[in-house]
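Undergrad: Just start.cif, nothing more (mmCIF, C-alpha atoms):
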data_structure
#
loop_
_atom_site.label_atom_id
_atom_site.label_comp_id
_atom_site.auth_asym_id
_atom_site.auth_seq_id
_atom_site.Cartn_x
_atom_site.Cartn_y
_atom_site.Cartn_z
CA MET T 1 -104.74 37.90 14.26
CA ASN T 2 -103.70 40.49 11.69
CA ALA T 3 -100.95 40.24 9.08
CA ALA T 4 -98.46 42.24 11.18
CA THR T 5 -98.75 40.03 14.29
CA LEU T 6 -98.49 36.93 12.12
CA ALA T 7 -95.31 38.30 10.51
CA GLY T 8 -93.91 39.13 13.96
CA LEU T 9 -94.54 35.58 15.20
CA THR T 10 -92.97 34.21 12.01
CA GLY T 11 -89.94 36.41 12.71
CA ALA T 12 -89.71 35.05 16.28
CA ALA T 13 -89.76 31.46 14.97
CA ILE T 14 -87.13 32.26 12.31
CA VAL T 15 -84.74 33.75 14.90
CA GLY T 16 -85.04 30.52 16.94
CA LEU T 17 -84.44 28.33 13.87
CA GLY T 18 -81.44 30.38 12.79
CA LEU T 19 -79.93 30.28 16.27
CA TYR T 20 -80.29 26.49 16.33
CA GLY T 21 -78.52 26.22 12.97
CA LEU T 22 -75.76 28.56 14.09
CA ILE T 23 -75.09 26.44 17.20
CA THR T 24 -75.37 22.93 15.74
CA HIS T 25 -73.98 23.14 12.17
CA PRO T 26 -70.26 22.41 12.00
CA GLN T 27 -69.67 23.86 8.50
CA PRO T 28 -68.89 27.61 8.38
CA LEU T 29 -71.03 28.19 5.26
CA ARG T 30 -74.06 26.71 7.04
CA LYS T 31 -73.32 28.96 10.01
CA ILE T 32 -73.27 32.03 7.72
CA LEU T 33 -76.59 30.91 6.23
CA ALA T 34 -78.09 30.44 9.71
CA PHE T 35 -76.79 33.85 10.78
CA ASN T 36 -78.51 35.46 7.79
CA LEU T 37 -81.71 33.70 8.83
CA ILE T 38 -81.46 35.18 12.35
CA GLY T 39 -80.93 38.60 10.77
CA SER T 40 -84.01 38.39 8.57
CA GLY T 41 -86.07 37.26 11.57
CA VAL T 42 -84.93 40.33 13.52
CA PHE T 43 -85.79 42.51 10.51
CA LEU T 44 -89.32 41.04 10.53
CA LEU T 45 -89.68 42.09 14.18
CA PHE T 46 -88.75 45.62 13.04
CA GLY T 47 -91.43 45.18 10.38
CA ILE T 48 -94.24 44.61 12.88
CA ILE T 49 -93.06 47.62 14.93
CA ALA T 50 -93.11 49.74 11.75
CA ARG T 51 -96.56 48.50 10.77
CA ARG T 52 -98.01 49.10 14.24
CA GLY T 53 -96.59 52.61 14.12
CA ALA T 54 -98.83 53.54 11.18
CA ALA T 55 -99.87 57.18 11.64
CA SER T 56 -100.18 60.52 9.85
CA GLY T 57 -101.38 58.87 6.67
CA PHE T 58 -98.38 56.51 6.42
CA ALA T 59 -99.20 52.80 6.31
CA ALA T 60 -96.06 52.10 8.37
CA ASP T 61 -93.57 54.09 10.48
CA PRO T 62 -90.75 55.01 8.04
CA VAL T 63 -87.93 55.06 10.66
CA PRO T 64 -87.79 51.29 11.40
CA GLN T 65 -88.19 50.65 7.64
CA ALA T 66 -85.12 52.76 6.86
CA MET T 67 -83.16 50.95 9.59
CA VAL T 68 -84.07 47.57 8.06
CA ILE T 69 -82.93 48.76 4.61
CA THR T 70 -79.50 49.77 5.95
CA GLY T 71 -79.48 46.53 7.97
CA ILE T 72 -80.00 44.35 4.89
CA VAL T 73 -77.09 46.05 3.10
CA VAL T 74 -74.75 45.74 6.11
CA ALA T 75 -75.75 42.08 6.58
CA PHE T 76 -74.80 41.45 2.95
CA ALA T 77 -71.41 43.17 3.39
CA ALA T 78 -70.68 41.08 6.51
CA SER T 79 -71.69 37.85 4.73
CA ALA T 80 -69.45 38.70 1.77
CA LEU T 81 -66.47 39.22 4.09
CA ALA T 82 -67.23 36.00 6.02
CA ILE T 83 -67.51 33.97 2.79
CA ALA T 84 -64.26 35.46 1.47
CA LEU T 85 -62.54 34.31 4.69
CA VAL T 86 -63.96 30.77 4.37
CA LEU T 87 -62.94 30.50 0.70
CA ARG T 88 -59.42 31.75 1.46
CA LEU T 89 -59.11 29.19 4.25
CA PHE T 90 -60.21 26.49 1.82
CA ASP T 91 -57.78 27.65 -0.90
CA GLU T 92 -54.88 27.64 1.56
CA THR T 93 -55.53 24.38 3.37
CA GLY T 94 -58.11 22.39 1.37
CA ARG T 95 -60.40 22.17 4.39
CA VAL T 96 -62.91 24.39 6.15
CA THR T 97 -63.22 22.96 9.63
CA LEU T 98 -63.63 25.20 12.67
CA ARG T 99 -62.46 22.49 15.09
CA PRO T 100 -59.42 23.92 16.91
CA GLU T 101 -57.70 20.51 17.33
CA ALA T 102 -57.63 20.12 13.54
CA TRP T 103 -55.16 23.01 13.30
CA MET T 104 -52.88 21.87 16.09
CA LYS T 105 -51.09 19.22 14.02
CA PRO T 106 -47.42 19.82 13.13
CA PRO T 107 -46.89 22.05 10.04
CA GLY T 108 -46.73 20.25 6.71
CA ASN T 109 -49.53 18.01 7.85
CA GLY T 110 -52.04 20.83 7.63
CA ALA T 111 -53.06 20.55 3.98
CA ASP T 112 -54.32 16.99 4.28
CA SER T 113 -57.39 17.45 2.15
CA GLU T 114 -57.13 14.01 0.61
CA MET Z 1 -111.65 34.05 7.47
CA SER Z 2 -111.17 36.32 4.47
CA VAL Z 3 -109.17 35.32 1.40
CA LEU Z 4 -106.38 37.73 2.34
CA GLN Z 5 -106.07 36.21 5.82
CA ALA Z 6 -105.87 32.72 4.36
CA LEU Z 7 -103.14 33.93 1.99
CA ASP Z 8 -101.23 35.49 4.89
CA ILE Z 9 -101.31 32.26 6.87
CA GLY Z 10 -100.29 30.24 3.81
CA LEU Z 11 -97.43 32.67 3.13
CA ALA Z 12 -96.20 32.51 6.73
CA ALA Z 13 -96.34 28.69 6.61
CA LEU Z 14 -94.32 28.63 3.34
CA VAL Z 15 -91.71 31.06 4.71
CA LEU Z 16 -91.35 28.98 7.87
CA ALA Z 17 -91.14 25.72 5.90
CA LEU Z 18 -88.33 27.16 3.75
CA ALA Z 19 -86.51 28.42 6.86
CA VAL Z 20 -86.74 24.90 8.32
CA TRP Z 21 -85.43 23.49 5.02
CA THR Z 22 -82.52 25.96 5.01
CA ILE Z 23 -81.45 24.80 8.47
CA PHE Z 24 -82.13 21.06 8.21
CA ALA Z 25 -81.35 20.25 4.55
CA ARG Z 26 -78.57 17.65 4.26
CA GLU Z 27 -76.68 19.29 1.40
CA VAL Z 28 -75.20 22.78 1.59
CA PHE Z 29 -76.29 23.52 -1.97
CA ALA Z 30 -79.92 22.54 -1.28
CA ALA Z 31 -79.91 24.73 1.81
CA VAL Z 32 -78.64 27.73 -0.20
CA VAL Z 33 -81.32 27.27 -2.86
CA GLY Z 34 -83.91 27.08 -0.08
CA TYR Z 35 -82.57 30.33 1.36
CA VAL Z 36 -82.94 32.17 -1.98
CA ALA Z 37 -86.56 31.03 -2.32
CA TYR Z 38 -87.11 32.01 1.31
CA GLY Z 39 -85.81 35.53 0.62
CA LEU Z 40 -88.16 35.99 -2.35
CA LEU Z 41 -91.21 34.88 -0.33
CA LEU Z 42 -90.09 37.08 2.55
CA SER Z 43 -90.24 40.10 0.27
CA ILE Z 44 -93.96 39.34 -0.28
CA VAL Z 45 -94.38 39.35 3.51
CA TRP Z 46 -92.79 42.82 3.49
CA VAL Z 47 -95.34 43.96 0.91
CA ARG Z 48 -98.08 42.72 3.25
CA LEU Z 49 -96.52 44.88 5.99
CA PHE Z 50 -96.88 47.87 3.64
CA ALA Z 51 -93.09 48.27 3.53
CA VAL Z 52 -92.56 48.18 -0.24
CA ASP Z 53 -89.13 49.84 0.01
CA VAL Z 54 -87.96 47.04 2.30
CA ALA Z 55 -89.56 44.43 0.03
CA LEU Z 56 -87.56 45.74 -2.94
CA THR Z 57 -84.32 45.72 -0.92
CA GLU Z 58 -84.97 42.23 0.44
CA ALA Z 59 -85.72 40.84 -3.02
CA ALA Z 60 -82.72 42.52 -4.68
CA ILE Z 61 -80.02 42.27 -1.97
CA GLY Z 62 -81.28 39.91 0.75
CA SER Z 63 -82.30 37.24 -1.71
CA GLY Z 64 -80.79 38.06 -5.11
CA VAL Z 65 -77.22 39.28 -4.58
CA THR Z 66 -76.71 37.29 -1.35
CA GLY Z 67 -78.04 34.25 -3.22
CA VAL Z 68 -75.42 34.59 -5.97
CA LEU Z 69 -72.72 34.99 -3.31
CA LEU Z 70 -73.84 31.88 -1.40
CA ILE Z 71 -74.37 29.70 -4.49
CA GLY Z 72 -70.90 30.64 -5.77
CA ALA Z 73 -69.35 29.78 -2.40
CA ALA Z 74 -71.27 26.49 -2.13
CA ALA Z 75 -70.11 25.50 -5.64
CA ARG Z 76 -66.46 26.25 -4.82
CA LEU Z 77 -66.63 24.42 -1.50
CA ARG Z 78 -68.15 21.33 -3.13
CA GLU Z 79 -64.82 19.52 -3.11
CA ALA Z 80 -64.34 20.35 0.55
CA ARG Z 81 -64.44 17.29 2.72
CA GLU Z 82 -67.74 16.97 4.58
CA ALA Z 83 -67.42 17.85 8.22
CA GLU Z 84 -65.88 15.08 10.28
CA ALA Z 85 -68.13 13.14 12.63
CA ALA Z 86 -66.29 14.57 15.64
CA GLU Z 87 -67.50 18.04 14.73
CA HIS Z 88 -71.19 17.23 14.92
CA PRO Z 89 -72.67 18.10 18.30
CA SER Z 90 -73.80 15.17 20.41
CA GLU Z 91 -77.43 14.28 20.99
CA PRO Z 92 -77.71 16.05 24.41
CA GLN Z 93 -75.95 19.13 23.02
CA ARG Z 94 -78.48 19.32 20.20
CA PHE Z 95 -81.34 18.81 22.65
CA TRP Z 96 -80.23 21.67 24.89
CA ALA Z 97 -79.61 23.90 21.88
CA MET Z 98 -83.16 23.20 20.79
CA VAL Z 99 -84.49 24.06 24.27
CA LEU Z 100 -82.51 27.32 24.27
CA CYS Z 101 -83.76 28.29 20.81
CA ALA Z 102 -87.36 27.43 21.71
CA LEU Z 103 -87.05 29.69 24.76
CA VAL Z 104 -85.68 32.53 22.61
CA THR Z 105 -88.56 32.10 20.16
CA LEU Z 106 -91.14 32.01 22.96
CA ALA Z 107 -89.70 35.15 24.55
CA LEU Z 108 -89.75 37.00 21.22
CA ALA Z 109 -93.30 35.78 20.50
CA ALA Z 110 -94.39 37.07 23.92
CA VAL Z 111 -92.80 40.44 23.11
CA VAL Z 112 -94.67 40.53 19.78
CA LEU Z 113 -98.00 39.77 21.47
CA LEU Z 114 -97.42 42.18 24.38
CA LEU Z 115 -96.26 45.22 22.39
CA PRO Z 116 -97.60 48.47 23.91
CA ASP Z 117 -100.86 49.90 22.68
CA PRO Z 118 -101.00 52.57 21.27
CA ALA Z 119 -97.72 51.77 19.56
CA PRO Z 120 -94.92 54.35 19.75
CA THR Z 121 -94.28 55.92 16.35
CA LEU Z 122 -92.13 58.54 14.69
CA ALA Z 123 -94.45 58.77 11.68
CA PRO Z 124 -95.97 62.17 12.74
CA GLN Z 125 -92.50 63.74 13.03
CA ALA Z 126 -91.45 62.20 9.72
CA SER Z 127 -94.60 63.56 8.07
CA GLN Z 128 -94.30 67.01 9.67
CA HIS Z 129 -90.97 67.87 8.02
CA LEU Z 130 -91.46 65.94 4.78
CA ALA Z 131 -92.42 69.10 2.87
CA GLU Z 132 -89.10 70.76 3.77
CA THR Z 133 -87.15 67.95 2.11
CA GLY Z 134 -89.24 68.19 -1.08
CA LEU Z 135 -89.55 64.39 -1.10
CA GLY Z 136 -92.73 62.31 -1.28
CA ASN Z 137 -91.28 59.06 0.08
CA PRO Z 138 -90.82 59.24 3.87
CA VAL Z 139 -88.40 56.28 3.88
CA THR Z 140 -86.03 58.12 1.52
CA ALA Z 141 -86.39 61.21 3.71
CA VAL Z 142 -85.34 59.19 6.79
CA LEU Z 143 -82.42 57.63 4.93
CA ILE Z 144 -80.95 60.69 3.23
CA ALA Z 145 -82.20 63.59 5.37
CA TYR Z 146 -83.29 62.81 8.95
CA ARG Z 147 -80.77 60.05 9.62
CA ALA Z 148 -78.26 60.99 6.92
CA PHE Z 149 -75.24 60.37 9.15
CA ASP Z 150 -76.24 56.71 9.69
CA THR Z 151 -76.68 56.13 5.99
CA MET Z 152 -73.33 57.74 5.18
CA LEU Z 153 -71.56 55.53 7.77
CA GLU Z 154 -73.33 52.50 6.33
CA LYS Z 155 -71.73 53.29 2.95
CA VAL Z 156 -68.38 53.39 4.77
CA VAL Z 157 -69.13 49.85 6.03
CA LEU Z 158 -69.37 48.76 2.38
CA VAL Z 159 -65.95 50.30 1.66
CA LEU Z 160 -64.49 48.56 4.73
CA ALA Z 161 -65.97 45.24 3.56
CA ILE Z 162 -64.29 45.70 0.15
CA VAL Z 163 -60.96 46.48 1.85
CA GLY Z 164 -61.39 43.38 4.01
CA VAL Z 165 -62.22 41.11 1.05
CA TRP Z 166 -59.39 42.45 -1.12
CA SER Z 167 -56.83 42.09 1.66
CA LEU Z 168 -57.45 38.32 1.53
CA ALA Z 169 -55.75 38.19 -1.89
CA PRO Z 170 -52.52 36.17 -2.12
CA ASP Z 171 -49.50 38.48 -2.67
CA ARG Z 172 -48.88 37.34 -6.24
CA PHE Z 173 -52.41 38.33 -7.32
CA TRP Z 174 -52.47 41.74 -5.64
CA GLY Z 175 -53.71 44.41 -8.05
CA GLY Z 176 -55.15 41.78 -10.40
CA ALA Z 177 -58.75 41.04 -11.27
CA PRO Z 178 -61.19 38.88 -9.29
CA GLY Z 179 -63.61 36.38 -10.80
CA GLU Z 180 -63.57 34.60 -14.11
CA PRO Z 181 -62.04 36.14 -17.24
CA ARG Z 182 -64.14 37.09 -20.25
CA ALA Z 183 -64.80 34.07 -22.51
CA VAL Z 184 -63.96 34.00 -26.22
CA HIS Z 185 -67.06 31.88 -26.86
CA PRO Z 186 -69.57 32.63 -24.09
CA GLU Z 187 -72.20 30.03 -23.34
CA PRO Z 188 -74.98 31.00 -25.81
CA THR Z 189 -78.02 30.65 -23.50
CA LEU Z 190 -76.48 32.74 -20.73
CA ALA Z 191 -75.14 35.30 -23.21
CA PHE Z 192 -78.59 35.65 -24.79
CA LEU Z 193 -80.19 36.13 -21.38
CA ALA Z 194 -77.62 38.75 -20.43
CA GLN Z 195 -78.04 40.61 -23.72
CA ILE Z 196 -81.84 40.74 -23.34
CA LEU Z 197 -82.03 41.32 -19.60
CA ALA Z 198 -79.17 43.74 -18.91
CA PRO Z 199 -80.33 46.72 -21.03
CA LEU Z 200 -83.88 46.47 -19.64
CA GLY Z 201 -82.59 45.96 -16.11
CA ILE Z 202 -80.37 49.04 -16.32
CA LEU Z 203 -83.43 51.12 -17.31
CA VAL Z 204 -85.46 49.63 -14.44
CA GLY Z 205 -82.62 50.27 -11.97
CA ILE Z 206 -82.26 53.93 -12.95
CA HIS Z 207 -86.04 54.37 -12.88
CA ILE Z 208 -86.28 52.90 -9.36
CA PHE Z 209 -83.51 55.22 -8.15
CA TRP Z 210 -85.28 58.25 -9.66
CA ALA Z 211 -88.81 57.22 -8.58
CA GLY Z 212 -87.54 56.67 -5.02
CA ALA Z 213 -87.87 60.38 -4.28
CA ASP Z 214 -91.66 60.15 -4.34
CA GLY Z 215 -92.60 56.45 -4.33
CA PRO Z 216 -91.13 53.12 -3.28
CA GLY Z 217 -87.54 52.82 -4.46
CA GLY Z 218 -84.32 54.75 -3.97
CA ALA Z 219 -80.55 54.49 -4.14
CA PHE Z 220 -80.28 51.09 -2.42
CA GLN Z 221 -82.89 49.34 -4.52
CA GLY Z 222 -81.92 50.96 -7.83
CA GLY Z 223 -78.21 50.38 -7.16
CA ALA Z 224 -78.84 46.74 -6.30
CA ILE Z 225 -80.69 46.17 -9.58
CA LEU Z 226 -77.86 47.82 -11.54
CA ALA Z 227 -75.42 45.63 -9.61
CA ALA Z 228 -77.41 42.52 -10.53
CA MET Z 229 -77.25 43.48 -14.22
CA TRP Z 230 -73.45 43.82 -14.09
CA MET Z 231 -73.28 40.46 -12.31
CA ILE Z 232 -75.39 38.82 -15.04
CA VAL Z 233 -73.02 40.17 -17.71
CA MET Z 234 -70.03 38.83 -15.73
CA MET Z 235 -71.70 35.46 -15.15
CA ALA Z 236 -72.41 35.12 -18.87
CA LYS Z 237 -68.69 35.92 -19.34
CA LEU Z 238 -69.54 38.73 -21.76
CA GLY Z 239 -67.56 40.98 -19.45
CA GLU Z 240 -65.07 40.56 -16.65
CA ALA Z 241 -64.38 42.22 -13.32
CA PRO Z 242 -61.83 45.06 -13.55
CA PRO Z 243 -58.44 44.71 -11.84
CA VAL Z 244 -58.64 46.02 -8.29
CA ARG Z 245 -55.85 48.54 -8.92
CA ALA Z 246 -57.96 50.37 -11.56
CA LEU Z 247 -58.28 54.00 -10.49
CA TRP Z 248 -61.84 54.43 -11.86
CA LEU Z 249 -62.98 51.44 -9.84
CA ARG Z 250 -61.55 52.81 -6.62
CA LEU Z 251 -63.09 56.24 -7.29
CA ALA Z 252 -66.50 54.64 -7.96
CA LEU Z 253 -66.24 52.64 -4.72
CA VAL Z 254 -65.75 55.75 -2.55
CA ALA Z 255 -67.84 58.23 -4.61
CA GLY Z 256 -71.05 57.64 -2.61
CA PRO Z 257 -69.71 58.16 0.92
CA ALA Z 258 -67.30 60.90 -0.24
CA VAL Z 259 -70.00 63.03 -1.91
CA PHE Z 260 -72.36 62.35 1.00
CA LEU Z 261 -69.77 63.42 3.57
CA ALA Z 262 -68.81 66.50 1.53
CA ALA Z 263 -72.48 67.55 1.34
CA GLY Z 264 -72.78 66.98 5.09
CA VAL Z 265 -69.72 69.09 5.89
CA ALA Z 266 -70.90 71.81 3.46
CA GLY Z 267 -74.06 71.99 5.58
CA ILE Z 268 -72.00 73.62 8.35
CA GLY Z 269 -71.29 76.57 6.08
CA VAL Z 270 -74.39 76.99 3.90
CA ALA Z 271 -77.11 75.59 6.21
CA SER Z 272 -77.76 75.26 9.94
CA GLY Z 273 -75.19 72.56 10.72
CA PHE Z 274 -73.49 69.23 9.99
CA PHE Z 275 -75.68 67.23 7.57
CA ALA Z 276 -78.25 70.05 7.33
CA TYR Z 277 -79.47 70.90 3.84
CA PRO Z 278 -80.14 74.49 2.71
CA ALA Z 279 -83.85 75.33 2.70
CA GLY Z 280 -85.49 75.13 -0.72
CA PHE Z 281 -82.50 73.30 -2.18
CA ALA Z 282 -82.90 70.02 -0.28
CA LYS Z 283 -84.43 67.86 -2.99
CA PRO Z 284 -81.87 68.53 -5.75
CA LEU Z 285 -79.07 68.00 -3.23
CA ILE Z 286 -80.62 64.74 -1.99
CA LEU Z 287 -80.97 63.43 -5.56
CA PHE Z 288 -77.37 64.47 -6.30
CA ILE Z 289 -76.11 62.52 -3.26
CA GLU Z 290 -78.34 59.58 -4.16
CA ALA Z 291 -76.99 59.43 -7.70
CA PHE Z 292 -73.44 58.86 -6.40
CA MET Z 293 -74.70 56.39 -3.79
CA THR Z 294 -76.46 54.43 -6.53
CA LEU Z 295 -73.18 54.28 -8.48
CA THR Z 296 -71.23 53.13 -5.42
CA ILE Z 297 -73.77 50.41 -4.56
CA ALA Z 298 -73.93 49.25 -8.20
CA VAL Z 299 -70.12 48.81 -8.21
CA THR Z 300 -69.58 47.61 -4.62
CA LEU Z 301 -72.05 44.71 -4.56
CA PRO Z 302 -70.64 42.88 -7.65
CA MET Z 303 -67.06 43.45 -6.44
CA LEU Z 304 -67.97 41.98 -3.03
CA VAL Z 305 -69.49 38.96 -4.78
CA ALA Z 306 -66.46 38.61 -7.08
CA GLY Z 307 -64.20 38.30 -4.01
CA PRO Z 308 -60.46 38.89 -3.71
CA PRO Z 309 -58.25 39.11 -6.84
CA ARG Z 310 -57.59 35.68 -8.32
CA ARG Z 311 -55.39 36.51 -11.32
CA ALA Z 312 -51.99 38.17 -11.47
CA PRO Z 313 -52.15 41.75 -12.83
CA ARG Z 314 -51.03 42.31 -16.42
CA ARG Z 315 -47.69 44.08 -16.58
#
Would you write the structure of this file as structure tokens?

TA:
Amino acid sequence: MNAATLAGLTGAAIVGLGLYGLITHPQPLRKILAFNLIGSGVFLLFGIIARRGAASGFAADPVPQAMVITGIVVAFAASALAIALVLRLFDETGRVTLRPEAWMKPPGNGADSE
Amino acid sequence: MSVLQALDIGLAALVLALAVWTIFAREVFAAVVGYVAYGLLLSIVWVRLFAVDVALTEAAIGSGVTGVLLIGAAARLREAREAEAAEHPSEPQRFWAMVLCALVTLALAAVVLLLPDPAPTLAPQASQHLAETGLGNPVTAVLIAYRAFDTMLEKVVLVLAIVGVWSLAPDRFWGGAPGEPRAVHPEPTLAFLAQILAPLGILVGIHIFWAGADGPGGAFQGGAILAAMWMIVMMAKLGEAPPVRALWLRLALVAGPAVFLAAGVAGIGVASGFFAYPAGFAKPLILFIEAFMTLTIAVTLPMLVAGPPRRAPRR
């Protein structure tokens, strides 16, 4: 097995791990972390496709590489926005739960952080 | 088994172990630290895939800047109450989630092992027209010439993210500055580190932007390193984030996409079409666009990490 296939299989495992974290973790920050993990796994799958596309004297196909570079930057921008939303929620209410019932209490009872 | 193969397997095992740690660690903070280490090791995997440009981006943005963002958030959320027991999924739910994720992984692994041979590739086309762009790095050619429209729109995504983050500011802080103010007596160790590292880092960042025309590097990687240097100065409290109503800041945030779009539109008049570059003048134009993109990235990333304004503007 060569380095590219190994990296592709690693990417496949990372996507599965990230998906599991995204589904099972209740905290939003852990979900953002898991989502980033899924993203980097998908990027690794692009990596094996780039490496297998080596031709014309290039060690890897430049098109998937360029897409991964833009992908990393967009993933960062999305994470920054998601984290800003979580922090604002925490500043307003003192809690960061995603459970819908937690927000259905009468107003004035919402900021029950302690 | 050769030494390199053994190293590859060891590297893959380490990356996987850190991914497992990131998902299963008990504490949020421990998970975030695991994720930063994971990103750094992942960039070595990218080197092994002969994608040095991606490795630089992953190390600088995927691991470095994202790491600062996540660590800052984890520190601020430390007082948040741990999730209530009711929020944790039940045992059967977790079991079925695990089955689903295992199936996804198996399907992806099958795809990896069954990829077509010979592999489809755009490398010949990328190589064929490389001379016309005057560039030596095919990845930069894809980013700024062949798929220029995508890259320009991606810069617009950064501007939209900034607008989104800033619009989360409470009304009373609107127009003010995000992050911590400059300290009168900065912490000496951090200040020393920032004073030593920042000047060198700025040189490295500009070099990587410039070298990206012919070798690994470019606007994204160089800009990210410059951004990291500004973040180090802000973290050491030797400097502070500017108020979001500052005109120069807003101009710097849109300079990259604006210059890029203007060059693209100018292509209709002076070259063969939208986002076409005039023959023989492509490389200087590409470097000109990249210079403004580097500036925009260097300013956007720290402002995204700094978050919405947290202090009332000075009158």

Undergrad: Find the residues around Z:Pro118 up to 9 Å (only C-alpha atoms counted), leave out those fewer than 3 positions away in its own chain, and share them as an mmCIF file with C-alpha atoms, in the frame of the given file.

TA:
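selection26.cif was written with the following content:
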data_model
loop_
_atom_site.group_PDB
_atom_site.id
_atom_site.type_symbol
_atom_site.label_atom_id
_atom_site.label_comp_id
_atom_site.auth_asym_id
_atom_site.auth_seq_id
_atom_site.Cartn_x
_atom_site.Cartn_y
_atom_site.Cartn_z
ATOM 1 C CA ARG T 52 -98.010 49.100 14.240
ATOM 2 C CA GLY T 53 -96.590 52.610 14.120
ATOM 3 C CA LEU Z 115 -96.260 45.220 22.390
ATOM 4 C CA THR Z 121 -94.280 55.920 16.350
#

Undergrad: What is the distance between atom CA of Z:Met293 and atom CA of Z:Ala145, in Å to one decimal?

TA: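 Taking atom CA of Z:Met293 as the start and atom CA of Z:Ala145 as the end point, the length is 13.9 Å.
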
Undergrad: Run through the PyMOL selection byres ((chain Z and resi 23-28) around 12) on the given coordinates and return the selected residues as an MDAnalysis selection string.

TA: (chainID T and resid 14:38) or (chainID Z and resid 16:22 29:35 38 70:80 82:83)

Undergrad: Next, dump the selected residues to file, keeping only C-alpha atoms, as an mmCIF file, in the coordinates of the input.

TA:
data_model
loop_
_atom_site.group_PDB
_atom_site.id
_atom_site.type_symbol
_atom_site.label_atom_id
_atom_site.label_comp_id
_atom_site.auth_asym_id
_atom_site.auth_seq_id
_atom_site.Cartn_x
_atom_site.Cartn_y
_atom_site.Cartn_z
ATOM 1 C CA ILE T 14 -87.130 32.260 12.310
ATOM 2 C CA VAL T 15 -84.740 33.750 14.900
ATOM 3 C CA GLY T 16 -85.040 30.520 16.940
ATOM 4 C CA LEU T 17 -84.440 28.330 13.870
ATOM 5 C CA GLY T 18 -81.440 30.380 12.790
ATOM 6 C CA LEU T 19 -79.930 30.280 16.270
ATOM 7 C CA TYR T 20 -80.290 26.490 16.330
ATOM 8 C CA GLY T 21 -78.520 26.220 12.970
ATOM 9 C CA LEU T 22 -75.760 28.560 14.090
ATOM 10 C CA ILE T 23 -75.090 26.440 17.200
ATOM 11 C CA THR T 24 -75.370 22.930 15.740
ATOM 12 C CA HIS T 25 -73.980 23.140 12.170
ATOM 13 C CA PRO T 26 -70.260 22.410 12.000
ATOM 14 C CA GLN T 27 -69.670 23.860 8.500
ATOM 15 C CA PRO T 28 -68.890 27.610 8.380
ATOM 16 C CA LEU T 29 -71.030 28.190 5.260
ATOM 17 C CA ARG T 30 -74.060 26.710 7.040
ATOM 18 C CA LYS T 31 -73.320 28.960 10.010
ATOM 19 C CA ILE T 32 -73.270 32.030 7.720
ATOM 20 C CA LEU T 33 -76.590 30.910 6.230
ATOM 21 C CA ALA T 34 -78.090 30.440 9.710
ATOM 22 C CA PHE T 35 -76.790 33.850 10.780
ATOM 23 C CA ASN T 36 -78.510 35.460 7.790
ATOM 24 C CA LEU T 37 -81.710 33.700 8.830
ATOM 25 C CA ILE T 38 -81.460 35.180 12.350
ATOM 26 C CA LEU Z 16 -91.350 28.980 7.870
ATOM 27 C CA ALA Z 17 -91.140 25.720 5.900
ATOM 28 C CA LEU Z 18 -88.330 27.160 3.750
ATOM 29 C CA ALA Z 19 -86.510 28.420 6.860
ATOM 30 C CA VAL Z 20 -86.740 24.900 8.320
ATOM 31 C CA TRP Z 21 -85.430 23.490 5.020
ATOM 32 C CA THR Z 22 -82.520 25.960 5.010
ATOM 33 C CA PHE Z 29 -76.290 23.520 -1.970
ATOM 34 C CA ALA Z 30 -79.920 22.540 -1.280
ATOM 35 C CA ALA Z 31 -79.910 24.730 1.810
ATOM 36 C CA VAL Z 32 -78.640 27.730 -0.200
ATOM 37 C CA VAL Z 33 -81.320 27.270 -2.860
ATOM 38 C CA GLY Z 34 -83.910 27.080 -0.080
ATOM 39 C CA TYR Z 35 -82.570 30.330 1.360
ATOM 40 C CA TYR Z 38 -87.110 32.010 1.310
ATOM 41 C CA LEU Z 70 -73.840 31.880 -1.400
ATOM 42 C CA ILE Z 71 -74.370 29.700 -4.490
ATOM 43 C CA GLY Z 72 -70.900 30.640 -5.770
ATOM 44 C CA ALA Z 73 -69.350 29.780 -2.400
ATOM 45 C CA ALA Z 74 -71.270 26.490 -2.130
ATOM 46 C CA ALA Z 75 -70.110 25.500 -5.640
ATOM 47 C CA ARG Z 76 -66.460 26.250 -4.820
ATOM 48 C CA LEU Z 77 -66.630 24.420 -1.500
ATOM 49 C CA ARG Z 78 -68.150 21.330 -3.130
ATOM 50 C CA GLU Z 79 -64.820 19.520 -3.110
ATOM 51 C CA ALA Z 80 -64.340 20.350 0.550
ATOM 52 C CA GLU Z 82 -67.740 16.970 4.580
ATOM 53 C CA ALA Z 83 -67.420 17.850 8.220
#

Undergrad: Name the closest residue to Z:Ala169 among the candidates Z:Leu7, Z:Val244, Z:Thr300, Z:Gly67; distances are taken between atoms, counting all atoms listed in the file.

TA: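 Among the listed residues, Z:Val244 lies closest to Z:Ala169.
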
Undergrad: Any idea what the distance is between atom CA of Z:Ile206 and atom CA of Z:Ala246?

TA: 24.6 Å

Undergrad: With the file shown as input, list the residues that the PyMOL selection byres ((chain T and resi 57) around 12) selects, as a PyMOL selection string.

TA: (chain T and resi 53-56+58-62) or (chain Z and resi 123-128+138)

Undergrad: With only C-alpha atoms as the basis for distance, which of Z:Pro313, Z:Gly212, Z:Pro308, Z:Gly256 is at the shortest distance from chain T?

TA: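 Distance minimum relative to chain T lands on Z:Pro308.
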
Undergrad: For this structure, which residues satisfy the selection - the PyMOL selection byres ((chain Z and resi 186) around 7) - when it is evaluated on the file as given? I want them as a ChimeraX atom specification.

TA: /Z:183-185,187-188,191,236-238

Undergrad: Between atom CA of Z:Gly179 and atom CA of Z:Gly64, what distance in Å does the model show, to one decimal?

TA: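 Between atom CA of Z:Gly179 and atom CA of Z:Gly64 the gap is 18.2 Å.
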